[in-house]
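Visitor: Here you go, run_31.pdb (PDB, C-alpha atoms):
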```pdb
ATOM      1  CA  MET A   2      48.454  78.826 103.713
ATOM      2  CA  SER A   3      48.061  75.071 103.587
ATOM      3  CA  ILE A   4      51.389  73.374 104.296
ATOM      4  CA  ASN A   5      52.353  70.525 102.022
ATOM      5  CA  LYS A   6      54.368  68.238 104.319
ATOM      6  CA  GLU A   7      56.224  66.826 101.324
ATOM      7  CA  LYS A   8      57.589  70.318 100.641
ATOM      8  CA  ILE A   9      59.089  70.645 104.135
ATOM      9  CA  PHE A  10      62.837  70.079 104.345
ATOM     10  CA  VAL A  11      64.695  69.738 107.657
ATOM     11  CA  VAL A  12      68.361  70.761 107.488
ATOM     12  CA  ILE A  13      70.680  69.309 110.132
ATOM     13  CA  PRO A  14      74.280  70.624 110.101
ATOM     14  CA  ALA A  15      76.579  68.096 111.764
ATOM     15  CA  TYR A  16      80.183  68.077 112.910
ATOM     16  CA  ASN A  17      81.361  65.154 115.047
ATOM     17  CA  GLU A  18      78.038  64.745 116.883
ATOM     18  CA  LYS A  19      77.879  60.945 116.419
ATOM     19  CA  GLU A  20      75.068  59.354 118.473
ATOM     20  CA  SER A  21      73.041  62.499 119.053
ATOM     21  CA  LEU A  22      72.754  63.101 115.292
ATOM     22  CA  TYR A  23      71.112  59.729 114.709
ATOM     23  CA  ARG A  24      68.670  60.377 117.551
ATOM     24  CA  VAL A  25      67.728  63.765 116.062
ATOM     25  CA  ILE A  26      67.195  62.161 112.653
ATOM     26  CA  SER A  27      65.005  59.403 114.132
ATOM     27  CA  GLU A  28      62.877  61.785 116.188
ATOM     28  CA  THR A  29      62.470  64.167 113.249
ATOM     29  CA  LYS A  30      61.291  61.303 111.013
ATOM     30  CA  ASP A  31      58.716  60.388 113.658
ATOM     31  CA  ILE A  32      57.357  63.949 113.719
ATOM     32  CA  LEU A  33      57.510  64.569 109.962
ATOM     33  CA  PRO A  34      57.335  61.181 108.192
ATOM     34  CA  GLU A  35      56.315  62.749 104.872
ATOM     35  CA  SER A  36      59.026  65.419 104.850
ATOM     36  CA  LYS A  37      62.638  65.338 103.719
ATOM     37  CA  ILE A  38      65.740  65.509 105.908
ATOM     38  CA  VAL A  39      69.049  66.934 104.707
ATOM     39  CA  VAL A  40      72.101  66.125 106.824
ATOM     40  CA  VAL A  41      75.160  68.275 106.088
ATOM     41  CA  ASP A  42      78.323  66.575 107.310
ATOM     42  CA  ASP A  43      80.802  69.412 107.753
ATOM     43  CA  GLY A  44      83.976  67.346 107.555
ATOM     44  CA  SER A  45      83.313  65.021 110.498
ATOM     45  CA  ASP A  46      85.976  62.480 111.415
ATOM     46  CA  PRO A  47      84.886  59.736 110.991
ATOM     47  CA  PRO A  48      82.419  60.768 108.288
ATOM     48  CA  VAL A  49      78.689  60.544 108.937
ATOM     49  CA  ARG A  50      77.234  57.236 107.759
ATOM     50  CA  ILE A  51      73.529  57.013 107.007
ATOM     51  CA  ILE A  52      71.400  54.956 104.643
ATOM     52  CA  LYS A  53      70.273  57.483 102.069
ATOM     53  CA  ASN A  54      66.784  57.314 100.580
ATOM     54  CA  PRO A  55      64.421  59.760  98.836
ATOM     55  CA  LYS A  56      63.500  61.321 102.187
ATOM     56  CA  LEU A  57      66.987  61.307 103.738
ATOM     57  CA  ASN A  58      69.817  63.093 101.972
ATOM     58  CA  LEU A  59      73.457  63.422 102.994
ATOM     59  CA  LEU A  60      75.689  66.259 101.829
ATOM     60  CA  ARG A  61      79.359  66.171 102.768
ATOM     61  CA  HIS A  62      82.014  68.863 103.009
ATOM     62  CA  GLU A  63      85.436  67.298 102.566
ATOM     63  CA  TYR A  64      86.786  69.591 105.278
ATOM     64  CA  ASN A  65      85.238  71.682 108.039
ATOM     65  CA  MET A  66      83.846  74.817 106.397
ATOM     66  CA  GLY A  67      81.863  76.237 109.311
ATOM     67  CA  TYR A  68      78.372  76.334 110.768
ATOM     68  CA  GLY A  69      77.063  78.985 108.381
ATOM     69  CA  ALA A  70      78.488  77.230 105.331
ATOM     70  CA  SER A  71      76.803  73.995 106.416
ATOM     71  CA  LEU A  72      73.444  75.694 106.815
ATOM     72  CA  MET A  73      73.673  77.344 103.403
ATOM     73  CA  SER A  74      74.667  74.062 101.721
ATOM     74  CA  GLY A  75      71.557  72.435 103.171
ATOM     75  CA  ILE A  76      69.302  75.405 102.451
ATOM     76  CA  GLU A  77      70.462  75.741  98.833
ATOM     77  CA  PHE A  78      70.014  72.000  98.252
ATOM     78  CA  SER A  79      66.517  72.153  99.774
ATOM     79  CA  ILE A  80      65.421  75.093  97.646
ATOM     80  CA  SER A  81      66.776  73.503  94.475
ATOM     81  CA  SER A  82      64.821  70.356  95.403
ATOM     82  CA  GLY A  83      61.526  72.216  95.707
ATOM     83  CA  ALA A  84      61.331  73.139  99.398
ATOM     84  CA  GLU A  85      58.606  75.565 100.447
ATOM     85  CA  ILE A  86      59.363  75.367 104.175
ATOM     86  CA  ILE A  87      62.857  74.853 105.611
ATOM     87  CA  ILE A  88      63.491  73.918 109.235
ATOM     88  CA  THR A  89      66.988  74.046 110.714
ATOM     89  CA  ILE A  90      67.845  72.060 113.823
ATOM     90  CA  ASP A  91      71.194  71.334 115.473
ATOM     91  CA  ALA A  92      72.634  67.821 115.595
ATOM     92  CA  ASP A  93      73.926  67.884 119.187
ATOM     93  CA  GLY A  94      70.566  67.125 120.809
ATOM     94  CA  GLN A  95      69.914  70.535 122.335
ATOM     95  CA  HIS A  96      66.816  71.036 120.177
ATOM     96  CA  PHE A  97      63.809  68.756 120.515
ATOM     97  CA  PRO A  98      62.108  67.730 117.247
ATOM     98  CA  ARG A  99      58.818  67.369 119.128
ATOM     99  CA  ARG A 100      58.694  71.193 119.106
ATOM    100  CA  ILE A 101      58.496  71.306 115.301
ATOM    101  CA  PRO A 102      54.647  71.482 115.240
ATOM    102  CA  ASP A 103      54.874  74.680 117.348
ATOM    103  CA  PHE A 104      56.998  76.264 114.619
ATOM    104  CA  LEU A 105      54.700  75.076 111.835
ATOM    105  CA  ASN A 106      51.673  76.516 113.629
ATOM    106  CA  LYS A 107      53.332  79.950 113.539
ATOM    107  CA  ILE A 108      54.918  79.870 110.088
ATOM    108  CA  GLU A 109      51.638  80.327 108.207
ATOM    109  CA  LYS A 110      51.371  83.968 109.350
ATOM    110  CA  ASN A 111      55.101  84.722 109.281
ATOM    111  CA  ASP A 112      58.085  84.713 106.952
ATOM    112  CA  PHE A 113      60.105  82.784 109.499
ATOM    113  CA  VAL A 114      59.902  81.565 113.092
ATOM    114  CA  SER A 115      62.853  81.583 115.476
ATOM    115  CA  GLY A 116      63.335  79.396 118.533
ATOM    116  CA  SER A 117      64.235  80.984 121.839
ATOM    117  CA  ARG A 118      65.890  79.302 124.793
ATOM    118  CA  TYR A 119      65.534  82.489 126.862
ATOM    119  CA  HIS A 120      61.865  83.190 126.223
ATOM    120  CA  PRO A 121      59.851  83.652 129.459
ATOM    121  CA  LEU A 122      57.983  80.421 128.629
ATOM    122  CA  SER A 123      61.064  78.358 127.769
ATOM    123  CA  LEU A 124      61.812  75.273 129.844
ATOM    124  CA  ARG A 125      65.227  75.309 131.510
ATOM    125  CA  LEU A 126      66.539  71.738 131.504
ATOM    126  CA  SER A 127      70.186  72.589 132.145
ATOM    127  CA  ASP A 128      72.436  75.538 132.833
ATOM    128  CA  SER A 129      73.802  77.368 129.821
ATOM    129  CA  PRO A 130      77.563  77.962 129.647
ATOM    130  CA  SER A 131      78.124  81.386 131.190
ATOM    131  CA  ASP A 132      80.176  82.703 128.262
ATOM    132  CA  ARG A 133      77.447  81.789 125.758
ATOM    133  CA  ARG A 134      74.719  83.280 127.929
ATOM    134  CA  ILE A 135      76.568  86.573 128.448
ATOM    135  CA  ILE A 136      77.450  87.011 124.784
ATOM    136  CA  ASN A 137      73.915  86.136 123.703
ATOM    137  CA  MET A 138      72.529  88.693 126.147
ATOM    138  CA  ILE A 139      74.828  91.472 124.896
ATOM    139  CA  ILE A 140      74.320  90.768 121.200
ATOM    140  CA  THR A 141      70.551  90.406 121.639
ATOM    141  CA  LYS A 142      70.360  93.750 123.447
ATOM    142  CA  ILE A 143      72.376  95.495 120.727
ATOM    143  CA  LEU A 144      70.368  93.862 117.926
ATOM    144  CA  ASN A 145      67.134  95.014 119.535
ATOM    145  CA  GLU A 146      68.458  98.573 119.766
ATOM    146  CA  LEU A 147      69.501  98.511 116.101
ATOM    147  CA  THR A 148      66.345  96.913 114.698
ATOM    148  CA  GLY A 149      63.478  97.577 117.081
ATOM    149  CA  PHE A 150      62.978  93.823 117.337
ATOM    150  CA  ASN A 151      62.006  92.308 120.653
ATOM    151  CA  LEU A 152      64.291  89.285 120.527
ATOM    152  CA  THR A 153      65.116  87.147 123.518
ATOM    153  CA  ASP A 154      67.610  84.823 121.766
ATOM    154  CA  SER A 155      69.724  85.930 118.808
ATOM    155  CA  PHE A 156      71.688  82.702 118.317
ATOM    156  CA  CYS A 157      69.202  79.832 118.479
ATOM    157  CA  GLY A 158      69.711  77.500 115.508
ATOM    158  CA  PHE A 159      66.210  76.022 115.728
ATOM    159  CA  LYS A 160      64.271  77.923 113.062
ATOM    160  CA  CYS A 161      61.547  77.540 110.468
ATOM    161  CA  TYR A 162      61.578  79.563 107.239
ATOM    162  CA  LYS A 163      59.485  80.053 104.167
ATOM    163  CA  SER A 164      61.936  79.495 101.338
ATOM    164  CA  HIS A 165      61.416  82.951  99.817
ATOM    165  CA  VAL A 166      63.355  84.593 102.669
ATOM    166  CA  PHE A 167      66.592  83.330 101.126
ATOM    167  CA  GLU A 168      66.097  85.255  97.906
ATOM    168  CA  TYR A 169      68.823  87.910  97.677
ATOM    169  CA  PHE A 170      70.552  86.407 100.726
ATOM    170  CA  ALA A 171      74.255  85.869 100.031
ATOM    171  CA  PRO A 172      75.967  85.663 103.419
ATOM    172  CA  GLU A 173      79.678  86.366 103.631
ATOM    173  CA  GLU A 174      79.988  84.758 107.052
ATOM    174  CA  LYS A 175      80.652  81.012 106.933
ATOM    175  CA  GLY A 176      81.010  80.410 110.674
ATOM    176  CA  TYR A 177      79.149  81.049 113.910
ATOM    177  CA  GLY A 178      78.294  84.627 113.000
ATOM    178  CA  PHE A 179      75.870  83.433 110.313
ATOM    179  CA  PRO A 180      72.724  84.143 112.413
ATOM    180  CA  LEU A 181      73.691  87.808 112.722
ATOM    181  CA  GLU A 182      73.840  88.216 108.955
ATOM    182  CA  PHE A 183      70.378  86.691 108.718
ATOM    183  CA  TRP A 184      68.989  89.058 111.371
ATOM    184  CA  TYR A 185      70.276  91.981 109.319
ATOM    185  CA  HIS A 186      68.700  90.444 106.204
ATOM    186  CA  ALA A 187      65.373  90.104 108.072
ATOM    187  CA  TYR A 188      65.599  93.744 109.168
ATOM    188  CA  LYS A 189      66.491  94.975 105.680
ATOM    189  CA  PHE A 190      63.580  93.174 104.025
ATOM    190  CA  LYS A 191      61.136  93.757 106.878
ATOM    191  CA  PHE A 192      60.298  90.085 107.306
ATOM    192  CA  LYS A 193      57.543  89.177 109.721
ATOM    193  CA  PHE A 194      58.591  86.700 112.391
ATOM    194  CA  GLU A 195      57.809  85.354 115.831
ATOM    195  CA  GLU A 196      59.874  83.648 118.496
ATOM    196  CA  VAL A 197      58.782  80.251 119.801
ATOM    197  CA  PRO A 198      59.919  79.093 123.253
ATOM    198  CA  CYS A 199      62.042  75.952 123.197
ATOM    199  CA  GLU A 200      64.057  74.103 125.811
ATOM    200  CA  LEU A 201      67.288  75.487 127.233
ATOM    201  CA  TYR A 202      69.421  72.370 127.160
ATOM    202  CA  TYR A 203      73.129  71.839 126.644
ATOM    203  CA  PRO A 204      73.826  68.082 126.504
ATOM    204  CA  LEU A 205      77.360  68.609 125.174
ATOM    205  CA  ARG A 206      79.978  71.188 126.166
ATOM    206  CA  LYS A 207      81.579  71.845 122.807
ATOM    207  CA  GLU A 208      84.432  74.313 122.623
ATOM    208  CA  PHE A 209      84.682  77.024 120.012
ATOM    209  CA  PRO A 210      87.650  76.724 117.651
ATOM    210  CA  GLY A 211      90.805  78.838 117.804
ATOM    211  CA  ASP A 212      90.553  82.421 119.037
ATOM    212  CA  LEU A 213      86.805  82.083 119.554
ATOM    213  CA  LYS A 214      87.505  80.212 122.796
ATOM    214  CA  ASP A 215      88.333  83.637 124.240
ATOM    215  CA  VAL A 216      85.129  85.418 125.294
ATOM    216  CA  LYS A 217      86.336  88.918 124.377
ATOM    217  CA  LYS A 218      87.597  87.839 120.973
ATOM    218  CA  ARG A 219      84.374  85.971 120.227
ATOM    219  CA  LEU A 220      82.236  88.945 121.216
ATOM    220  CA  LYS A 221      84.437  91.251 119.117
ATOM    221  CA  TYR A 222      84.005  88.910 116.129
ATOM    222  CA  TYR A 223      80.207  89.121 116.421
ATOM    223  CA  LEU A 224      80.248  92.882 116.951
ATOM    224  CA  GLU A 225      82.403  93.416 113.871
ATOM    225  CA  ILE A 226      79.825  91.541 111.760
ATOM    226  CA  LEU A 227      77.071  93.836 113.035
ATOM    227  CA  GLU A 228      79.269  96.913 112.530
ATOM    228  CA  LYS A 229      79.836  95.986 108.908
ATOM    229  CA  LYS A 230      76.154  95.350 108.224
ATOM    230  CA  PHE A 231      74.601  98.243 110.126
ATOM    231  CA  LYS A 232      77.498 100.652 109.516
ATOM    232  CA  VAL A 233      77.687 101.845 113.119
ATOM    233  CA  LYS A 234      80.492 101.531 115.675
ATOM    234  CA  LEU A 235      79.703  98.766 118.150
ATOM    235  CA  VAL A 236      82.895  97.030 119.297
ATOM    236  CA  GLU A 237      83.824  99.486 122.030
ATOM    237  CA  LYS A 238      80.246  99.612 123.303
ATOM    238  CA  GLY A 239      79.872  95.827 123.378
ATOM    239  CA  LEU A 240      83.204  95.194 125.101
ATOM    240  CA  LYS A 241      82.314  97.824 127.700
ATOM    241  CA  MET A 242      79.020  95.998 128.350
ATOM    242  CA  LEU A 243      80.974  92.757 128.806
ATOM    243  CA  LYS A 244      83.401  94.381 131.244
ATOM    244  CA  GLU A 245      80.596  95.900 133.300
ATOM    245  CA  TYR A 246      78.712  92.602 133.415
ATOM    246  CA  LEU A 247      81.753  90.616 134.520
ATOM    247  CA  LYS A 248      82.538  93.243 137.152
ATOM    248  CA  SER A 249      79.036  93.109 138.645
ATOM    249  CA  ASN A 250      78.754  89.317 138.730
TER
END
```
Would it be possible to restate this file's structure as structure tokens?

Guide:
Amino acid sequence: MSINKEKIFVVIPAYNEKESLYRVISETKDILPESKIVVVDDGSDPPVRIIKNPKLNLLRHEYNMGYGASLMSGIEFSISSGAEIIITIDADGQHFPRRIPDFLNKIEKNDFVSGSRYHPLSLRLSDSPSDRRIINMIITKILNELTGFNLTDSFCGFKCYKSHVFEYFAPEEKGYGFPLEFWYHAYKFKFKFEEVPCELYYPLRKEFPGDLKDVKKRLKYYLEILEKKFKVKLVEKGLKMLKEYLKSN
């Protein structure tokens, strides 16, 4: 497969990231000058301000709809605009656009490529918040048991997709559980993928909204998504894993 750089779209969901967003945009343009960038402003206050041009598009949600809804807005816009390859990257600066060529090198032989901050070859530039690390570990372990995958990071938002993977994909989850619906979709359709090591870096300590601040409630929310998709009981098992981990550490 020969990649047409003009058919690559980079989707950046943004919610109150301010300066880091503009840095991500600038660095992405340096790496992919021929490609198109789609910023999805998910109800930021103040709104995102950028100078739009044919290679830089801004979509705006009038109110905060959620991480998954932002991704799908950008993905649907990209596909309708002729995208063949879609890259998603977070706006908070934790993902480094200079890694994009690593993803593109792998996408030719895969349906999608997923970044991993916990890959054995990943660079650790900062500590990860303990609650995020623990939940990621539990969900990744359960996903691997359900699918036979060999994932090391089930929540990384740095990904590269061939556009066809979104055919028949109609996620119900509009928030942070979006990646879990996609992993089920990948399992169902037997997509070929690889993980690519990327930096473990948390420049901002953003809190989850509402009940998701509570570790048990957040884990339960993720487990209920997997229960619904895979039709197996997981909540009790996952909460037990959390209790045992907290007890031993």

Visitor: Care to translate the PyMOL selection byres ((chain A and resi 62) around 6) into actual residues of this file, as a list in words?

Guide: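 In the shown coordinates, the PyMOL selection byres ((chain A and resi 62) around 6) covers Asp43, Gly44, Arg61, Glu63 and Tyr64 of chain A.
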
Visitor: Of the candidates A:Glu182, A:His165, A:Glu195, A:Thr89, which shows the shortest atom-to-atom distance to Phe150 (chain A), using only C-alpha atoms?

Guide: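 Of A:Glu182, A:His165, A:Glu195, A:Thr89, the one nearest Phe150 (chain A) is A:Glu195, counting only C-alpha atoms.
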
Visitor: Between A:His96, A:Lys229, A:Lys56, A:Lys107, which is the closest to Ile9 (chain A) once you count only C-alpha atoms?

Guide: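 Ranked by minimum distance to Ile9 (chain A), first place goes to A:Lys56.
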
Visitor: Between CA of Val197 (chain A) and CA of Asp103 (chain A), what distance in Å does the model show, to one decimal?

Guide: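 CA of Asp103 (chain A) lies 7.2 Å from CA of Val197 (chain A).
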
Visitor: Skip Lys6 (chain A) itself and residues of its chain fewer than 4 positions away, then list as a ChimeraX atom specification all residues within 10 Å of it, counting only C-alpha atoms.

Guide: /A:10,33-37,84-86

Visitor: Check the smallest atom-to-atom distance from each of A:Leu122, A:Leu235, A:Leu213, A:Ile26 to Arg99 (chain A) using all atoms listed in the file, then report the winner.

Guide: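 The shortest atom-to-atom distance to Arg99 (chain A) comes from A:Ile26.
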
Visitor: From the options A:Pro180, A:Pro198, A:Gly94, A:Gly83, which residue's atoms come nearest to Ser155 (chain A), counting only C-alpha atoms?

Guide: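 Distance minimum relative to Ser155 (chain A) lands on A:Pro180.
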
Visitor: Kindly indicate which residue among A:Gly116, A:Pro204, A:Pro55, A:Pro210 lies nearest to Leu152 (chain A), using all atoms listed in the file for the distances.

Guide: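 Counting all atoms listed in the file, the residue closest to Leu152 (chain A) is A:Gly116.
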
Visitor: For each of A:Ser45, A:Cys161, A:Leu205, A:Gly67, take the minimum atom-to-atom distance to Asn106 (chain A), counting only C-alpha atoms, then give the residue where this is smallest.

Guide: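 Result for the nearest residue to Asn106 (chain A): A:Cys161.
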
Visitor: Please identify all polymer residues within 9 Å of Glu237 (chain A), counting only C-alpha atoms, omitting same-chain residues fewer than 4 positions from it, and present them as an MDAnalysis selection string.

Guide: chainID A and resid 221 241:242

Visitor: I would like the residues chosen by the PyMOL selection byres ((chain A and resi 206) around 10) on the shown file; could you give them as a list in words?

Guide: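 Listing what the PyMOL selection byres ((chain A and resi 206) around 10) selects in the shown file: Asp93, Ser129, Pro130, Tyr203, Pro204, Leu205, Lys207, Glu208 and Phe209 of chain A.
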
Visitor: With the PyMOL selection byres ((chain A and resi 19-22) around 8) as the selection, what would be picked from this file? Answer as an MDAnalysis selection string, please.

Guide: chainID A and resid 15 17:18 23:26 49 92:94

Visitor: So which residues are close to (72.4, 92.1, 112.6), meaning at most 7 Å away in the file's coordinates with all atoms listed in the file counted, and can you show them as a PDB file with C-alpha atoms, in the frame of the given file?

Guide:
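Contents of selection-v4.pdb, freshly written:
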```pdb
ATOM      1  CA  LEU A 144      70.368  93.862 117.926  1.00  0.00           C
ATOM      2  CA  LEU A 181      73.691  87.808 112.722  1.00  0.00           C
ATOM      3  CA  GLU A 182      73.840  88.216 108.955  1.00  0.00           C
ATOM      4  CA  PHE A 183      70.378  86.691 108.718  1.00  0.00           C
ATOM      5  CA  TRP A 184      68.989  89.058 111.371  1.00  0.00           C
ATOM      6  CA  TYR A 185      70.276  91.981 109.319  1.00  0.00           C
ATOM      7  CA  LEU A 227      77.071  93.836 113.035  1.00  0.00           C
ATOM      8  CA  LYS A 230      76.154  95.350 108.224  1.00  0.00           C
ATOM      9  CA  PHE A 231      74.601  98.243 110.126  1.00  0.00           C
TER      10      PHE A 231
END
```

Visitor: Please compute the CA of Ser3 (chain A)-CA of Asp112 (chain A) distance, one decimal, in Å.

Guide: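 Distance reported for this atom pair: 14.3 Å.
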
Visitor: Within 9 Å of Leu60 (chain A), counting only C-alpha atoms, which residues show up once you throw out same-chain ones fewer than 4 positions away? Write them as a list in words, please.

Guide: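 That gives Val39, Val40, Val41, Asp42, Asp43, Ser74, Gly75 and Phe78 of chain A.
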
Visitor: Let's have the selection written as an mmCIF file, in the coordinates of the input, with C-alpha atoms.

Guide:
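Produced file selection_2.cif, reproduced below:
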```
data_model
loop_
_atom_site.group_PDB
_atom_site.id
_atom_site.type_symbol
_atom_site.label_atom_id
_atom_site.label_comp_id
_atom_site.auth_asym_id
_atom_site.auth_seq_id
_atom_site.Cartn_x
_atom_site.Cartn_y
_atom_site.Cartn_z
ATOM 1 C CA VAL A 39 69.049 66.934 104.707
ATOM 2 C CA VAL A 40 72.101 66.125 106.824
ATOM 3 C CA VAL A 41 75.160 68.275 106.088
ATOM 4 C CA ASP A 42 78.323 66.575 107.310
ATOM 5 C CA ASP A 43 80.802 69.412 107.753
ATOM 6 C CA SER A 74 74.667 74.062 101.721
ATOM 7 C CA GLY A 75 71.557 72.435 103.171
ATOM 8 C CA PHE A 78 70.014 72.000 98.252
#
```

Visitor: As an exercise, work out the distance from CA of Lys30 (chain A) to CA of Val11 (chain A) in Å and give it to one decimal place.

Guide: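 CA of Lys30 (chain A) sits 9.7 Å away from CA of Val11 (chain A).
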
Visitor: Could you check which residues have any atom within 6 Å of (65.7, 74.3, 101.8), counting all atoms listed in the file with coordinates taken straight from the file, and then list them as a PyMOL selection string?

Guide: chain A and resi 10+76-77+79-80+84+87

Visitor: Any chance you can output those residues with C-alpha atoms as a compact mmCIF listing (two decimals), in the frame of the given file?

Guide:
```
# COMPACT_ATOMS: atom_id res chain seq x y z
CA PHE A 10 62.84 70.08 104.34
CA ILE A 76 69.30 75.40 102.45
CA GLU A 77 70.46 75.74 98.83
CA SER A 79 66.52 72.15 99.77
CA ILE A 80 65.42 75.09 97.65
CA ALA A 84 61.33 73.14 99.40
CA ILE A 87 62.86 74.85 105.61
```
